[in-house]
Amino acid sequence: MDLPPQQPGTQFLTAEESAKVDAALLSSPEKFLTRITISSLRVLTHIAEEYDVNLEDLTAQQVIAWFEKDSKIRREAGIDAAFLKW
């Protein structure tokens, strides 16, 4: 299944970061988890900015609500209107 290309500014792992993960002395599962963690940090930072809270003050309920909102935007206005492009 082909995923749509990410628009500039919505890529969660840069080519340089990906290369650094590839070069790390980690197993394949550890590299995968590292990529997800870096990407998650980017998404959480964005969510915190939208809620105008410090990242460390972001709650699980805010994260869930944000994902529900982004999902609704994707369903109603299309993938290009949503923050997450999948």
# chains A, B, ... in the order shown; residues from 1 in each chain; ligands from 1

call {"tool": "select_by_dssp", "arguments": {"residues": "chain A", "states": "helix (DSSP H, G or I)", "output": "VMD selection string"}}
result
chain A and resid 15 to 23 28 to 51 55 to 57 60 to 77 79 to 81

call {"tool": "residues_around", "arguments": {"residues": "Arg35 of chain A", "least_positions_apart": "2", "cutoff": "12 Å", "atoms": "only C-alpha atoms", "output": "MDAnalysis selection string"}}
result
chainID A and resid 11:22 24 26 28:33 37:42

call {"tool": "write_last_selection", "arguments": {"atoms": "N, CA and C atoms", "output": "compact mmCIF listing (two decimals), in the first residue's frame"}}
result
# COMPACT_ATOMS: atom_id res chain seq x y z
N GLN A 11 6.90 16.18 7.83
CA GLN A 11 7.75 15.00 7.92
C GLN A 11 8.24 14.90 9.37
N PHE A 12 8.11 13.75 9.97
CA PHE A 12 8.40 13.62 11.38
C PHE A 12 9.80 13.10 11.67
N LEU A 13 10.51 12.68 10.65
CA LEU A 13 11.88 12.21 10.82
C LEU A 13 12.66 12.69 9.60
N THR A 14 13.66 13.53 9.83
CA THR A 14 14.44 14.04 8.71
C THR A 14 15.35 12.95 8.16
N ALA A 15 15.84 13.18 6.95
CA ALA A 15 16.76 12.22 6.34
C ALA A 15 18.02 12.08 7.20
N GLU A 16 18.48 13.19 7.76
CA GLU A 16 19.67 13.16 8.62
C GLU A 16 19.41 12.33 9.88
N GLU A 17 18.26 12.55 10.50
CA GLU A 17 17.92 11.78 11.70
C GLU A 17 17.79 10.30 11.37
N SER A 18 17.17 10.00 10.25
CA SER A 18 17.02 8.61 9.84
C SER A 18 18.38 7.95 9.62
N ALA A 19 19.30 8.69 9.01
CA ALA A 19 20.65 8.16 8.79
C ALA A 19 21.36 7.92 10.12
N LYS A 20 21.15 8.82 11.08
CA LYS A 20 21.77 8.64 12.40
C LYS A 20 21.21 7.41 13.11
N VAL A 21 19.90 7.20 12.96
CA VAL A 21 19.30 6.00 13.56
C VAL A 21 19.87 4.76 12.88
N ASP A 22 19.97 4.79 11.55
CA ASP A 22 20.52 3.64 10.82
C ASP A 22 21.95 3.32 11.27
N ALA A 24 23.23 3.92 14.20
CA ALA A 24 23.31 3.59 15.63
C ALA A 24 23.51 2.09 15.82
N LEU A 26 22.14 -0.38 17.15
CA LEU A 26 20.87 -0.86 17.68
C LEU A 26 20.35 -2.00 16.81
N SER A 28 17.27 -3.98 14.80
CA SER A 28 16.19 -3.45 13.95
C SER A 28 14.97 -3.03 14.76
N PRO A 29 14.50 -3.85 15.72
CA PRO A 29 13.35 -3.39 16.53
C PRO A 29 13.66 -2.12 17.33
N GLU A 30 14.90 -2.00 17.82
CA GLU A 30 15.27 -0.80 18.57
C GLU A 30 15.31 0.43 17.66
N LYS A 31 15.78 0.25 16.43
CA LYS A 31 15.80 1.36 15.47
C LYS A 31 14.37 1.79 15.14
N PHE A 32 13.48 0.82 14.96
CA PHE A 32 12.08 1.13 14.69
C PHE A 32 11.48 1.94 15.85
N LEU A 33 11.71 1.49 17.07
CA LEU A 33 11.19 2.19 18.24
C LEU A 33 11.79 3.59 18.35
N THR A 37 9.70 7.01 18.38
CA THR A 37 9.84 7.92 19.51
C THR A 37 10.15 9.34 19.04
N ILE A 38 11.05 9.47 18.10
CA ILE A 38 11.38 10.79 17.56
C ILE A 38 10.15 11.40 16.88
N SER A 39 9.46 10.60 16.08
CA SER A 39 8.26 11.09 15.41
C SER A 39 7.18 11.48 16.42
N SER A 40 7.02 10.67 17.45
CA SER A 40 6.03 10.95 18.49
C SER A 40 6.32 12.26 19.20
N LEU A 41 7.59 12.51 19.45
CA LEU A 41 7.97 13.77 20.08
C LEU A 41 7.50 14.95 19.23
N ARG A 42 7.67 14.84 17.91
CA ARG A 42 7.24 15.91 17.01
C ARG A 42 5.72 16.12 17.09

call {"tool": "atom_distance", "arguments": {"atom1": "atom CA of Ile73 of chain A", "atom2": "atom CA of Val53 of chain A"}}
result
21.9 Å

call {"tool": "residues_around", "arguments": {"residues": "segment 57-66 of chain A", "least_positions_apart": "6", "cutoff": "8 Å", "atoms": "only C-alpha atoms", "output": "list in words"}}
result
Leu44, Ile47 and Ala48 of chain A

call {"tool": "write_last_selection", "arguments": {"atoms": "N, CA and C atoms", "output": "short mmCIF file (atom, residue, chain, number, x, y, z; two decimals), in the first residue's frame"}}
result
data_model
loop_
_atom_site.label_atom_id
_atom_site.label_comp_id
_atom_site.auth_asym_id
_atom_site.auth_seq_id
_atom_site.Cartn_x
_atom_site.Cartn_y
_atom_site.Cartn_z
N LEU A 44 3.67 15.20 19.59
CA LEU A 44 3.32 15.70 20.92
C LEU A 44 3.66 17.18 21.08
N ILE A 47 0.91 19.05 19.36
CA ILE A 47 -0.32 19.01 20.16
C ILE A 47 -0.21 20.00 21.32
N ALA A 48 0.92 20.00 22.01
CA ALA A 48 1.11 20.92 23.13
C ALA A 48 1.00 22.37 22.66
#

call {"tool": "atom_distance", "arguments": {"atom1": "atom CA of Glu76 of chain A", "atom2": "atom CA of Glu50 of chain A"}}
result
19.9 Å

call {"tool": "atom_distance", "arguments": {"atom1": "atom CA of Ile79 of chain A", "atom2": "atom CA of Phe67 of chain A"}}
result
13.5 Å
